[in-house]
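Participant: Here you go, query_30.pdb (PDB, C-alpha atoms, pLDDT in the B column):
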```pdb
ATOM      1  CA  MET A   6       0.000   0.000   0.000  1.00 55.00           C
ATOM      2  CA  ARG A   7       1.476   3.310  -1.042  1.00 45.00           C
ATOM      3  CA  GLU A   8       1.305   6.324   1.231  1.00 46.00           C
ATOM      4  CA  ASN A   9      -1.137   9.093   0.331  1.00 50.00           C
ATOM      5  CA  ALA A  10       1.412  11.627  -0.850  1.00 50.00           C
ATOM      6  CA  GLY A  11      -0.061  15.047  -1.342  1.00 56.00           C
ATOM      7  CA  MET A  12      -3.179  14.325   0.708  1.00 65.00           C
ATOM      8  CA  PRO A  13      -4.642  17.227   2.696  1.00 73.00           C
ATOM      9  CA  THR A  14      -3.486  17.668   6.268  1.00 91.00           C
ATOM     10  CA  LEU A  15      -5.843  18.444   9.121  1.00 95.00           C
ATOM     11  CA  PRO A  16      -6.301  22.171   9.802  1.00 96.00           C
ATOM     12  CA  THR A  17      -5.162  23.466  13.173  1.00 96.00           C
ATOM     13  CA  ASP A  18      -8.687  24.364  14.264  1.00 97.00           C
ATOM     14  CA  VAL A  19      -9.928  20.812  13.637  1.00 98.00           C
ATOM     15  CA  LEU A  20      -7.057  19.330  15.650  1.00 98.00           C
ATOM     16  CA  THR A  21      -7.589  21.878  18.416  1.00 98.00           C
ATOM     17  CA  THR A  22     -11.288  21.040  18.614  1.00 98.00           C
ATOM     18  CA  PHE A  23     -10.580  17.303  18.702  1.00 98.00           C
ATOM     19  CA  ASP A  24      -7.916  17.688  21.384  1.00 98.00           C
ATOM     20  CA  GLY A  25     -10.187  19.878  23.490  1.00 98.00           C
ATOM     21  CA  LEU A  26     -13.019  17.353  23.339  1.00 98.00           C
ATOM     22  CA  PHE A  27     -10.609  14.511  24.086  1.00 98.00           C
ATOM     23  CA  ASP A  28      -9.454  16.361  27.212  1.00 98.00           C
ATOM     24  CA  GLU A  29     -13.083  16.855  28.212  1.00 98.00           C
ATOM     25  CA  ALA A  30     -13.664  13.122  27.775  1.00 98.00           C
ATOM     26  CA  LEU A  31     -10.739  12.377  30.094  1.00 98.00           C
ATOM     27  CA  ALA A  32     -12.015  14.844  32.679  1.00 98.00           C
ATOM     28  CA  ALA A  33     -15.555  13.480  32.429  1.00 98.00           C
ATOM     29  CA  GLY A  34     -14.361   9.966  33.294  1.00 98.00           C
ATOM     30  CA  GLU A  35     -15.052   8.255  29.987  1.00 98.00           C
ATOM     31  CA  PRO A  36     -13.868   4.619  30.402  1.00 97.00           C
ATOM     32  CA  ASP A  37     -11.411   4.958  27.500  1.00 98.00           C
ATOM     33  CA  PRO A  38     -11.521   8.081  25.322  1.00 98.00           C
ATOM     34  CA  THR A  39      -9.131   6.442  22.851  1.00 98.00           C
ATOM     35  CA  ALA A  40     -11.723   3.786  21.944  1.00 98.00           C
ATOM     36  CA  MET A  41     -13.021   4.277  18.422  1.00 98.00           C
ATOM     37  CA  THR A  42     -15.114   2.242  16.028  1.00 98.00           C
ATOM     38  CA  VAL A  43     -13.333   1.498  12.759  1.00 98.00           C
ATOM     39  CA  ALA A  44     -15.557   0.667   9.806  1.00 98.00           C
ATOM     40  CA  THR A  45     -14.038  -1.025   6.768  1.00 98.00           C
ATOM     41  CA  ALA A  46     -15.294  -2.766   3.654  1.00 97.00           C
ATOM     42  CA  ASP A  47     -13.834  -5.579   1.617  1.00 94.00           C
ATOM     43  CA  ALA A  48     -13.157  -5.397  -2.114  1.00 91.00           C
ATOM     44  CA  SER A  49     -16.791  -6.285  -2.865  1.00 94.00           C
ATOM     45  CA  GLY A  50     -18.130  -3.585  -0.542  1.00 93.00           C
ATOM     46  CA  ARG A  51     -19.239  -5.821   2.352  1.00 96.00           C
ATOM     47  CA  PRO A  52     -18.857  -3.702   5.513  1.00 97.00           C
ATOM     48  CA  SER A  53     -17.619  -4.608   8.977  1.00 97.00           C
ATOM     49  CA  ALA A  54     -16.883  -2.630  12.131  1.00 98.00           C
ATOM     50  CA  ARG A  55     -15.022  -3.116  15.397  1.00 98.00           C
ATOM     51  CA  THR A  56     -13.593  -1.071  18.262  1.00 98.00           C
ATOM     52  CA  VAL A  57      -9.866  -0.353  18.384  1.00 98.00           C
ATOM     53  CA  LEU A  58      -7.728   2.137  20.306  1.00 98.00           C
ATOM     54  CA  LEU A  59      -6.320   5.391  18.946  1.00 98.00           C
ATOM     55  CA  LYS A  60      -2.542   5.370  19.441  1.00 98.00           C
ATOM     56  CA  ALA A  61      -1.455   8.574  17.710  1.00 98.00           C
ATOM     57  CA  HIS A  62      -2.935  11.543  15.904  1.00 98.00           C
ATOM     58  CA  ASP A  63      -1.598  14.697  14.313  1.00 97.00           C
ATOM     59  CA  GLU A  64      -2.146  16.782  11.194  1.00 97.00           C
ATOM     60  CA  ARG A  65      -1.553  13.653   9.082  1.00 97.00           C
ATOM     61  CA  GLY A  66      -4.420  11.662  10.596  1.00 98.00           C
ATOM     62  CA  PHE A  67      -5.391   9.039  13.178  1.00 98.00           C
ATOM     63  CA  VAL A  68      -3.339   5.879  13.819  1.00 98.00           C
ATOM     64  CA  PHE A  69      -4.108   2.455  15.256  1.00 98.00           C
ATOM     65  CA  TYR A  70      -2.100  -0.780  15.182  1.00 98.00           C
ATOM     66  CA  THR A  71      -3.044  -4.316  14.201  1.00 97.00           C
ATOM     67  CA  HIS A  72      -2.039  -7.437  12.309  1.00 96.00           C
ATOM     68  CA  LEU A  73      -1.911  -6.731   8.588  1.00 97.00           C
ATOM     69  CA  ASP A  74      -3.284 -10.201   7.796  1.00 95.00           C
ATOM     70  CA  GLY A  75      -6.307 -10.063  10.129  1.00 95.00           C
ATOM     71  CA  ARG A  76      -9.694  -9.267   8.653  1.00 95.00           C
ATOM     72  CA  LYS A  77      -9.510  -5.496   9.050  1.00 96.00           C
ATOM     73  CA  GLY A  78      -5.921  -5.473   7.829  1.00 96.00           C
ATOM     74  CA  ARG A  79      -6.823  -7.412   4.711  1.00 96.00           C
ATOM     75  CA  GLU A  80      -9.844  -5.212   4.044  1.00 97.00           C
ATOM     76  CA  LEU A  81      -7.912  -1.985   4.482  1.00 97.00           C
ATOM     77  CA  GLN A  82      -5.270  -3.157   2.039  1.00 96.00           C
ATOM     78  CA  ALA A  83      -7.847  -4.295  -0.526  1.00 96.00           C
ATOM     79  CA  ASN A  84     -10.040  -1.204  -0.097  1.00 96.00           C
ATOM     80  CA  PRO A  85      -7.962   1.581   1.538  1.00 97.00           C
ATOM     81  CA  ARG A  86     -10.833   3.672   2.867  1.00 97.00           C
ATOM     82  CA  ALA A  87     -12.208   3.749   6.391  1.00 98.00           C
ATOM     83  CA  ALA A  88     -14.528   5.554   8.770  1.00 98.00           C
ATOM     84  CA  LEU A  89     -13.891   6.224  12.466  1.00 98.00           C
ATOM     85  CA  LEU A  90     -16.350   7.019  15.223  1.00 98.00           C
ATOM     86  CA  PHE A  91     -15.533   8.361  18.676  1.00 98.00           C
ATOM     87  CA  HIS A  92     -18.509   8.457  21.066  1.00 98.00           C
ATOM     88  CA  TRP A  93     -18.132  10.260  24.374  1.00 98.00           C
ATOM     89  CA  PRO A  94     -21.588  10.210  26.034  1.00 98.00           C
ATOM     90  CA  ARG A  95     -20.340  11.833  29.261  1.00 98.00           C
ATOM     91  CA  VAL A  96     -19.108  14.978  27.495  1.00 98.00           C
ATOM     92  CA  ARG A  97     -21.654  17.824  27.520  1.00 97.00           C
ATOM     93  CA  GLN A  98     -24.906  16.231  26.301  1.00 96.00           C
ATOM     94  CA  GLY A  99     -23.000  13.616  24.341  1.00 98.00           C
ATOM     95  CA  VAL A 100     -20.384  14.142  21.661  1.00 98.00           C
ATOM     96  CA  GLN A 101     -19.487  12.144  18.584  1.00 98.00           C
ATOM     97  CA  VAL A 102     -16.527  12.686  16.269  1.00 98.00           C
ATOM     98  CA  ARG A 103     -16.883  11.078  12.854  1.00 98.00           C
ATOM     99  CA  VAL A 104     -13.898  10.764  10.523  1.00 98.00           C
ATOM    100  CA  GLU A 105     -13.838   9.440   6.962  1.00 98.00           C
ATOM    101  CA  GLY A 106     -10.816   9.152   4.720  1.00 98.00           C
ATOM    102  CA  THR A 107      -8.222   7.118   2.944  1.00 97.00           C
ATOM    103  CA  VAL A 108      -5.747   4.782   4.604  1.00 97.00           C
ATOM    104  CA  GLU A 109      -2.001   4.260   4.560  1.00 98.00           C
ATOM    105  CA  ILE A 110       0.337   1.944   6.444  1.00 98.00           C
ATOM    106  CA  VAL A 111       2.690   3.816   8.771  1.00 98.00           C
ATOM    107  CA  ASP A 112       6.413   3.596   8.021  1.00 97.00           C
ATOM    108  CA  ASP A 113       8.572   0.938   9.673  1.00 97.00           C
ATOM    109  CA  ALA A 114      10.316   3.364  12.027  1.00 98.00           C
ATOM    110  CA  GLU A 115       6.991   4.594  13.420  1.00 98.00           C
ATOM    111  CA  ALA A 116       5.677   1.050  13.843  1.00 98.00           C
ATOM    112  CA  ASP A 117       8.923  -0.123  15.465  1.00 98.00           C
ATOM    113  CA  ALA A 118       8.885   2.738  17.956  1.00 98.00           C
ATOM    114  CA  TYR A 119       5.312   2.084  18.999  1.00 98.00           C
ATOM    115  CA  PHE A 120       5.802  -1.688  19.257  1.00 98.00           C
ATOM    116  CA  ALA A 121       8.845  -1.172  21.487  1.00 98.00           C
ATOM    117  CA  SER A 122       6.675   0.888  23.867  1.00 98.00           C
ATOM    118  CA  ARG A 123       4.099  -1.875  24.364  1.00 97.00           C
ATOM    119  CA  PRO A 124       4.047  -4.099  27.464  1.00 97.00           C
ATOM    120  CA  ARG A 125       6.004  -7.298  26.942  1.00 97.00           C
ATOM    121  CA  GLY A 126       2.863  -9.395  27.264  1.00 96.00           C
ATOM    122  CA  SER A 127       1.249  -7.482  24.407  1.00 97.00           C
ATOM    123  CA  GLN A 128       4.391  -7.890  22.303  1.00 96.00           C
ATOM    124  CA  LEU A 129       4.363 -11.654  22.836  1.00 96.00           C
ATOM    125  CA  GLY A 130       0.651 -11.802  22.069  1.00 95.00           C
ATOM    126  CA  ALA A 131       1.237 -10.116  18.724  1.00 96.00           C
ATOM    127  CA  TRP A 132       3.595 -12.967  17.789  1.00 96.00           C
ATOM    128  CA  ALA A 133       1.327 -15.707  19.134  1.00 94.00           C
ATOM    129  CA  SER A 134      -1.907 -14.583  17.472  1.00 91.00           C
ATOM    130  CA  VAL A 135      -2.773 -15.415  13.879  1.00 87.00           C
ATOM    131  CA  GLN A 136      -5.490 -12.787  14.029  1.00 86.00           C
ATOM    132  CA  SER A 137      -8.994 -13.663  12.826  1.00 85.00           C
ATOM    133  CA  GLU A 138      -8.101 -17.257  11.954  1.00 86.00           C
ATOM    134  CA  THR A 139      -9.937 -20.237  13.448  1.00 91.00           C
ATOM    135  CA  LEU A 140      -8.659 -21.325  16.877  1.00 89.00           C
ATOM    136  CA  ALA A 141      -8.952 -24.967  17.924  1.00 91.00           C
ATOM    137  CA  SER A 142      -9.107 -24.128  21.627  1.00 96.00           C
ATOM    138  CA  ARG A 143      -7.990 -21.549  24.150  1.00 95.00           C
ATOM    139  CA  GLU A 144      -5.591 -24.135  25.529  1.00 95.00           C
ATOM    140  CA  ALA A 145      -3.905 -24.430  22.123  1.00 93.00           C
ATOM    141  CA  PHE A 146      -3.387 -20.673  22.055  1.00 94.00           C
ATOM    142  CA  GLU A 147      -1.972 -20.624  25.595  1.00 94.00           C
ATOM    143  CA  THR A 148       0.469 -23.365  24.618  1.00 94.00           C
ATOM    144  CA  HIS A 149       1.608 -21.420  21.573  1.00 92.00           C
ATOM    145  CA  LEU A 150       1.942 -18.245  23.631  1.00 95.00           C
ATOM    146  CA  ALA A 151       4.206 -20.103  26.081  1.00 96.00           C
ATOM    147  CA  GLU A 152       6.345 -21.304  23.166  1.00 95.00           C
ATOM    148  CA  VAL A 153       6.675 -17.727  21.889  1.00 93.00           C
ATOM    149  CA  ALA A 154       7.632 -16.496  25.368  1.00 95.00           C
ATOM    150  CA  ALA A 155      10.340 -19.162  25.557  1.00 96.00           C
ATOM    151  CA  ARG A 156      11.663 -18.210  22.117  1.00 94.00           C
ATOM    152  CA  PHE A 157      12.197 -14.592  23.180  1.00 96.00           C
ATOM    153  CA  ASP A 158      13.318 -15.351  26.723  1.00 95.00           C
ATOM    154  CA  ASP A 159      15.952 -12.883  27.996  1.00 91.00           C
ATOM    155  CA  ARG A 160      15.869 -10.679  24.892  1.00 95.00           C
ATOM    156  CA  ASP A 161      13.823  -7.864  23.434  1.00 97.00           C
ATOM    157  CA  VAL A 162      10.775  -8.835  21.414  1.00 97.00           C
ATOM    158  CA  PRO A 163      11.009  -7.464  17.849  1.00 96.00           C
ATOM    159  CA  ARG A 164       7.992  -6.268  15.913  1.00 97.00           C
ATOM    160  CA  PRO A 165       6.403  -9.088  13.881  1.00 96.00           C
ATOM    161  CA  PRO A 166       6.889  -8.521  10.155  1.00 93.00           C
ATOM    162  CA  ARG A 167       3.138  -8.486   9.456  1.00 95.00           C
ATOM    163  CA  TRP A 168       2.142  -6.219  12.351  1.00 97.00           C
ATOM    164  CA  SER A 169       1.976  -2.479  11.801  1.00 98.00           C
ATOM    165  CA  GLY A 170      -0.156   0.634  11.992  1.00 98.00           C
ATOM    166  CA  PHE A 171      -2.794   2.144   9.766  1.00 98.00           C
ATOM    167  CA  ARG A 172      -3.222   5.884   9.456  1.00 98.00           C
ATOM    168  CA  ILE A 173      -6.636   7.196   8.426  1.00 98.00           C
ATOM    169  CA  VAL A 174      -5.981  10.353   6.422  1.00 97.00           C
ATOM    170  CA  PRO A 175      -9.183  12.393   6.869  1.00 98.00           C
ATOM    171  CA  ARG A 176     -11.198  13.825   4.028  1.00 97.00           C
ATOM    172  CA  THR A 177     -14.082  14.702   6.354  1.00 98.00           C
ATOM    173  CA  VAL A 178     -14.331  15.290  10.106  1.00 98.00           C
ATOM    174  CA  GLU A 179     -17.697  15.886  11.753  1.00 98.00           C
ATOM    175  CA  PHE A 180     -18.174  17.139  15.304  1.00 98.00           C
ATOM    176  CA  TRP A 181     -21.614  16.139  16.581  1.00 98.00           C
ATOM    177  CA  TYR A 182     -22.930  17.719  19.759  1.00 98.00           C
ATOM    178  CA  GLY A 183     -26.007  16.211  21.384  1.00 98.00           C
ATOM    179  CA  GLY A 184     -28.950  18.523  22.056  1.00 96.00           C
ATOM    180  CA  ALA A 185     -32.279  18.330  23.833  1.00 95.00           C
ATOM    181  CA  TYR A 186     -35.169  16.894  21.807  1.00 95.00           C
ATOM    182  CA  ARG A 187     -32.561  15.548  19.334  1.00 94.00           C
ATOM    183  CA  LEU A 188     -31.877  19.093  18.122  1.00 96.00           C
ATOM    184  CA  HIS A 189     -28.175  18.359  17.785  1.00 97.00           C
ATOM    185  CA  GLU A 190     -25.432  20.655  16.478  1.00 98.00           C
ATOM    186  CA  ARG A 191     -23.280  19.266  13.690  1.00 98.00           C
ATOM    187  CA  TYR A 192     -20.224  20.816  12.049  1.00 98.00           C
ATOM    188  CA  LEU A 193     -18.721  19.113   9.009  1.00 98.00           C
ATOM    189  CA  HIS A 194     -15.150  19.897   7.930  1.00 98.00           C
ATOM    190  CA  GLU A 195     -14.363  18.732   4.389  1.00 98.00           C
ATOM    191  CA  ALA A 196     -11.180  18.595   2.312  1.00 97.00           C
ATOM    192  CA  SER A 197     -11.358  19.350  -1.397  1.00 95.00           C
ATOM    193  CA  ASP A 198      -9.168  17.706  -4.007  1.00 90.00           C
ATOM    194  CA  ASP A 199      -6.766  20.656  -3.936  1.00 90.00           C
ATOM    195  CA  GLY A 200      -6.151  20.197  -0.204  1.00 89.00           C
ATOM    196  CA  THR A 201      -8.172  23.145   1.073  1.00 94.00           C
ATOM    197  CA  TRP A 202     -10.740  22.670   3.826  1.00 97.00           C
ATOM    198  CA  SER A 203     -14.212  24.124   4.256  1.00 97.00           C
ATOM    199  CA  THR A 204     -16.744  23.969   7.100  1.00 98.00           C
ATOM    200  CA  ARG A 205     -20.513  23.858   7.060  1.00 98.00           C
ATOM    201  CA  MET A 206     -23.284  23.103   9.534  1.00 98.00           C
ATOM    202  CA  LEU A 207     -25.583  20.133   9.026  1.00 98.00           C
ATOM    203  CA  GLN A 208     -29.233  19.788   9.940  1.00 97.00           C
ATOM    204  CA  PRO A 209     -29.871  17.777  13.120  1.00 96.00           C
TER     205      PRO A 209
END
```
As structure tokens, how would this structure be written, given the file I've shared?
Facilitator:
Amino acid sequence: MRENAGMPTLPTDVLTTFDGLFDEALAAGEPDPTAMTVATADASGRPSARTVLLKAHDERGFVFYTHLDGRKGRELQANPRAALLFHWPRVRQGVQVRVEGTVEIVDDAEADAYFASRPRGSQLGAWASVQSETLASREAFETHLAEVAARFDDRDVPRPPRWSGFRIVPRTVEFWYGGAYRLHERYLHEASDDGTWSTRMLQP
């Protein structure tokens, strides 16, 4: 998968708004403000969604990590478009942030640095799991995990070759603010093909 060279970068005001709401979610006691739904589709257009954790974000987009050969990894490589949804019900009267865009795989240096920061147990699990494939039993997985732990005993665990990060490069970002009687406020930020951004309000 080639990186999206020349794609628009997030405007400062969009990042500032996201960061401010994220801080509010932390202060409000949301269980995990980094939790986000990632929606993908396979090459034929069949959709699927799951919750993952945001691990980095900046003007280039939003990053999470996974196995490249699991279902979402395969779908994102076959159809490099995705949608994200953050839902923070404890913020104000409820806030959603919706992101849609194209997808790129982060570079090796970025993936290596993040993998090195993970707890050792998570590193070993990344080696032991053949994500999304059929598992004979939990006991079989535990046995394989023990074998992996023995293989890397007394040394650093390297990043598996088919484990990396995906960056969603936004083309749209919507901030949705819940209102009484479902009279919500919605602000849609959109990137044009020339990289400029515009903002408009949407009906509730």
Participant: Between A:Phe146, A:Phe171, A:Trp132, A:Phe157, which is the closest to Val57 in chain A once you count all atoms listed in the file?
Facilitator: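 Checking each candidate against Val57 in chain A, we get A:Phe171 as the closest.
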Participant: Given the file above and the PyMOL selection byres ((chain A and resi 89) around 12), which residues are selected, and can you give them as a PyMOL selection string?
Facilitator: chain A and resi 39-45+53-59+66-69+86-88+90-92+101-108+172-179
Participant: Is it possible to get the axis-aligned box enclosing range 54-73 of chain A (all listed atoms, 3 Å extra per side) as JSON, with centre and edge lengths in Å rounded to one decimal?
Facilitator:
```
{"center_x": -9.2, "center_y": 4.7, "center_z": 14.4, "size_x": 21.4, "size_y": 30.2, "size_z": 17.7}
```
Participant: What is the CA of Lys77 in chain A-CA of Arg156 in chain A distance in Å, reported with one decimal?
Facilitator: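 Separation between CA of Lys77 in chain A and CA of Arg156 in chain A: 27.9 Å.
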Participant: Applied to the shown file, which residues does the PyMOL selection byres ((chain A and resi 185) around 12) return, written as a VMD selection string?
Facilitator: chain A and resid 97 to 99 182 to 184 186 to 190 209
Participant: Care to translate the PyMOL selection byres ((chain A and resi 14) around 9) into actual residues of this file, as a ChimeraX atom specification?
Facilitator: /A:11-13,15-16,63-66,174-176,196,200-201
Participant: With distances taken over all atoms listed in the file, which residue among A:Gly75, A:Gly50, A:Gly25, A:Pro36 lies nearest Thr139 in chain A?
Facilitator: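 Closest to Thr139 in chain A, using all atoms listed in the file: A:Gly75.
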Participant: Rank nothing, just name the residue among A:Asp159, A:Asp113, A:Glu35, A:Glu147 nearest to Ala133 in chain A, using all atoms listed in the file.
Facilitator: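 Among the listed residues, A:Glu147 lies closest to Ala133 in chain A.
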Participant: Would you fill out range 153-179 of chain A with N, CA, C and O atoms and return it as a PDB file, keeping the file's coordinate frame?
Facilitator:
```pdb
ATOM      1  N   VAL A 153       6.158 -19.017  22.338  1.00 93.00           N
ATOM      2  CA  VAL A 153       6.675 -17.727  21.889  1.00 93.00           C
ATOM      3  C   VAL A 153       7.464 -17.063  23.008  1.00 93.00           C
ATOM      4  O   VAL A 153       8.557 -16.511  22.781  1.00 93.00           O
ATOM      5  N   ALA A 154       6.927 -17.092  24.231  1.00 95.00           N
ATOM      6  CA  ALA A 154       7.632 -16.496  25.368  1.00 95.00           C
ATOM      7  C   ALA A 154       8.989 -17.147  25.571  1.00 95.00           C
ATOM      8  O   ALA A 154       9.988 -16.464  25.861  1.00 95.00           O
ATOM      9  N   ALA A 155       9.066 -18.461  25.406  1.00 96.00           N
ATOM     10  CA  ALA A 155      10.340 -19.162  25.557  1.00 96.00           C
ATOM     11  C   ALA A 155      11.316 -18.769  24.450  1.00 96.00           C
ATOM     12  O   ALA A 155      12.522 -18.624  24.685  1.00 96.00           O
ATOM     13  N   ARG A 156      10.786 -18.561  23.244  1.00 94.00           N
ATOM     14  CA  ARG A 156      11.663 -18.210  22.117  1.00 94.00           C
ATOM     15  C   ARG A 156      12.361 -16.868  22.340  1.00 94.00           C
ATOM     16  O   ARG A 156      13.516 -16.675  21.967  1.00 94.00           O
ATOM     17  N   PHE A 157      11.638 -15.929  22.965  1.00 96.00           N
ATOM     18  CA  PHE A 157      12.197 -14.592  23.180  1.00 96.00           C
ATOM     19  C   PHE A 157      12.687 -14.387  24.616  1.00 96.00           C
ATOM     20  O   PHE A 157      12.883 -13.248  25.044  1.00 96.00           O
ATOM     21  N   ASP A 158      12.874 -15.456  25.334  1.00 95.00           N
ATOM     22  CA  ASP A 158      13.318 -15.351  26.723  1.00 95.00           C
ATOM     23  C   ASP A 158      14.641 -14.601  26.806  1.00 95.00           C
ATOM     24  O   ASP A 158      15.576 -14.861  26.032  1.00 95.00           O
ATOM     25  N   ASP A 159      14.718 -13.639  27.732  1.00 91.00           N
ATOM     26  CA  ASP A 159      15.952 -12.883  27.996  1.00 91.00           C
ATOM     27  C   ASP A 159      16.413 -12.017  26.830  1.00 91.00           C
ATOM     28  O   ASP A 159      17.607 -11.710  26.708  1.00 91.00           O
ATOM     29  N   ARG A 160      15.509 -11.630  25.945  1.00 95.00           N
ATOM     30  CA  ARG A 160      15.869 -10.679  24.892  1.00 95.00           C
ATOM     31  C   ARG A 160      14.654  -9.864  24.498  1.00 95.00           C
ATOM     32  O   ARG A 160      13.515 -10.235  24.778  1.00 95.00           O
ATOM     33  N   ASP A 161      14.911  -8.725  23.864  1.00 97.00           N
ATOM     34  CA  ASP A 161      13.823  -7.864  23.434  1.00 97.00           C
ATOM     35  C   ASP A 161      12.967  -8.572  22.384  1.00 97.00           C
ATOM     36  O   ASP A 161      13.473  -9.388  21.587  1.00 97.00           O
ATOM     37  N   VAL A 162      11.693  -8.251  22.389  1.00 97.00           N
ATOM     38  CA  VAL A 162      10.775  -8.835  21.414  1.00 97.00           C
ATOM     39  C   VAL A 162      10.686  -7.902  20.208  1.00 97.00           C
ATOM     40  O   VAL A 162      10.255  -6.749  20.350  1.00 97.00           O
ATOM     41  N   PRO A 163      11.092  -8.340  19.026  1.00 96.00           N
ATOM     42  CA  PRO A 163      11.009  -7.464  17.849  1.00 96.00           C
ATOM     43  C   PRO A 163       9.575  -7.386  17.325  1.00 96.00           C
ATOM     44  O   PRO A 163       8.728  -8.226  17.644  1.00 96.00           O
ATOM     45  N   ARG A 164       9.317  -6.389  16.534  1.00 97.00           N
ATOM     46  CA  ARG A 164       7.992  -6.268  15.913  1.00 97.00           C
ATOM     47  C   ARG A 164       7.800  -7.368  14.876  1.00 97.00           C
ATOM     48  O   ARG A 164       8.664  -7.577  14.022  1.00 97.00           O
ATOM     49  N   PRO A 165       6.660  -8.083  14.921  1.00 96.00           N
ATOM     50  CA  PRO A 165       6.403  -9.088  13.881  1.00 96.00           C
ATOM     51  C   PRO A 165       6.355  -8.434  12.504  1.00 96.00           C
ATOM     52  O   PRO A 165       5.896  -7.295  12.355  1.00 96.00           O
ATOM     53  N   PRO A 166       6.817  -9.138  11.489  1.00 93.00           N
ATOM     54  CA  PRO A 166       6.889  -8.521  10.155  1.00 93.00           C
ATOM     55  C   PRO A 166       5.533  -8.138   9.566  1.00 93.00           C
ATOM     56  O   PRO A 166       5.457  -7.250   8.732  1.00 93.00           O
ATOM     57  N   ARG A 167       4.461  -8.798   9.998  1.00 95.00           N
ATOM     58  CA  ARG A 167       3.138  -8.486   9.456  1.00 95.00           C
ATOM     59  C   ARG A 167       2.250  -7.816  10.501  1.00 95.00           C
ATOM     60  O   ARG A 167       1.042  -8.016  10.541  1.00 95.00           O
ATOM     61  N   TRP A 168       2.863  -6.995  11.332  1.00 97.00           N
ATOM     62  CA  TRP A 168       2.142  -6.219  12.351  1.00 97.00           C
ATOM     63  C   TRP A 168       2.576  -4.774  12.193  1.00 97.00           C
ATOM     64  O   TRP A 168       3.767  -4.468  12.185  1.00 97.00           O
ATOM     65  N   SER A 169       1.604  -3.878  12.038  1.00 98.00           N
ATOM     66  CA  SER A 169       1.976  -2.479  11.801  1.00 98.00           C
ATOM     67  C   SER A 169       0.789  -1.583  12.138  1.00 98.00           C
ATOM     68  O   SER A 169      -0.196  -2.029  12.741  1.00 98.00           O
ATOM     69  N   GLY A 170       0.891  -0.340  11.723  1.00 98.00           N
ATOM     70  CA  GLY A 170      -0.156   0.634  11.992  1.00 98.00           C
ATOM     71  C   GLY A 170      -0.809   1.118  10.713  1.00 98.00           C
ATOM     72  O   GLY A 170      -0.187   1.161   9.650  1.00 98.00           O
ATOM     73  N   PHE A 171      -2.067   1.492  10.852  1.00 98.00           N
ATOM     74  CA  PHE A 171      -2.794   2.144   9.766  1.00 98.00           C
ATOM     75  C   PHE A 171      -3.086   3.586  10.175  1.00 98.00           C
ATOM     76  O   PHE A 171      -3.482   3.851  11.306  1.00 98.00           O
ATOM     77  N   ARG A 172      -2.870   4.482   9.245  1.00 98.00           N
ATOM     78  CA  ARG A 172      -3.222   5.884   9.456  1.00 98.00           C
ATOM     79  C   ARG A 172      -4.419   6.228   8.571  1.00 98.00           C
ATOM     80  O   ARG A 172      -4.362   6.037   7.350  1.00 98.00           O
ATOM     81  N   ILE A 173      -5.504   6.701   9.198  1.00 98.00           N
ATOM     82  CA  ILE A 173      -6.636   7.196   8.426  1.00 98.00           C
ATOM     83  C   ILE A 173      -6.359   8.662   8.135  1.00 98.00           C
ATOM     84  O   ILE A 173      -6.222   9.483   9.051  1.00 98.00           O
ATOM     85  N   VAL A 174      -6.249   8.985   6.878  1.00 97.00           N
ATOM     86  CA  VAL A 174      -5.981  10.353   6.422  1.00 97.00           C
ATOM     87  C   VAL A 174      -7.329  11.007   6.124  1.00 97.00           C
ATOM     88  O   VAL A 174      -7.982  10.666   5.138  1.00 97.00           O
ATOM     89  N   PRO A 175      -7.798  11.915   6.982  1.00 98.00           N
ATOM     90  CA  PRO A 175      -9.183  12.393   6.869  1.00 98.00           C
ATOM     91  C   PRO A 175      -9.449  13.202   5.599  1.00 98.00           C
ATOM     92  O   PRO A 175      -8.651  14.029   5.187  1.00 98.00           O
ATOM     93  N   ARG A 176     -10.624  12.943   5.036  1.00 97.00           N
ATOM     94  CA  ARG A 176     -11.198  13.825   4.028  1.00 97.00           C
ATOM     95  C   ARG A 176     -12.386  14.571   4.602  1.00 97.00           C
ATOM     96  O   ARG A 176     -12.746  15.638   4.112  1.00 97.00           O
ATOM     97  N   THR A 177     -13.024  13.997   5.632  1.00 98.00           N
ATOM     98  CA  THR A 177     -14.082  14.702   6.354  1.00 98.00           C
ATOM     99  C   THR A 177     -13.938  14.421   7.851  1.00 98.00           C
ATOM    100  O   THR A 177     -13.531  13.329   8.252  1.00 98.00           O
ATOM    101  N   VAL A 178     -14.249  15.431   8.655  1.00 98.00           N
ATOM    102  CA  VAL A 178     -14.331  15.290  10.106  1.00 98.00           C
ATOM    103  C   VAL A 178     -15.591  16.003  10.556  1.00 98.00           C
ATOM    104  O   VAL A 178     -15.774  17.189  10.272  1.00 98.00           O
ATOM    105  N   GLU A 179     -16.471  15.276  11.243  1.00 98.00           N
ATOM    106  CA  GLU A 179     -17.697  15.886  11.753  1.00 98.00           C
ATOM    107  C   GLU A 179     -17.679  15.881  13.276  1.00 98.00           C
ATOM    108  O   GLU A 179     -17.403  14.852  13.901  1.00 98.00           O
TER     109      GLU A 179
END
```
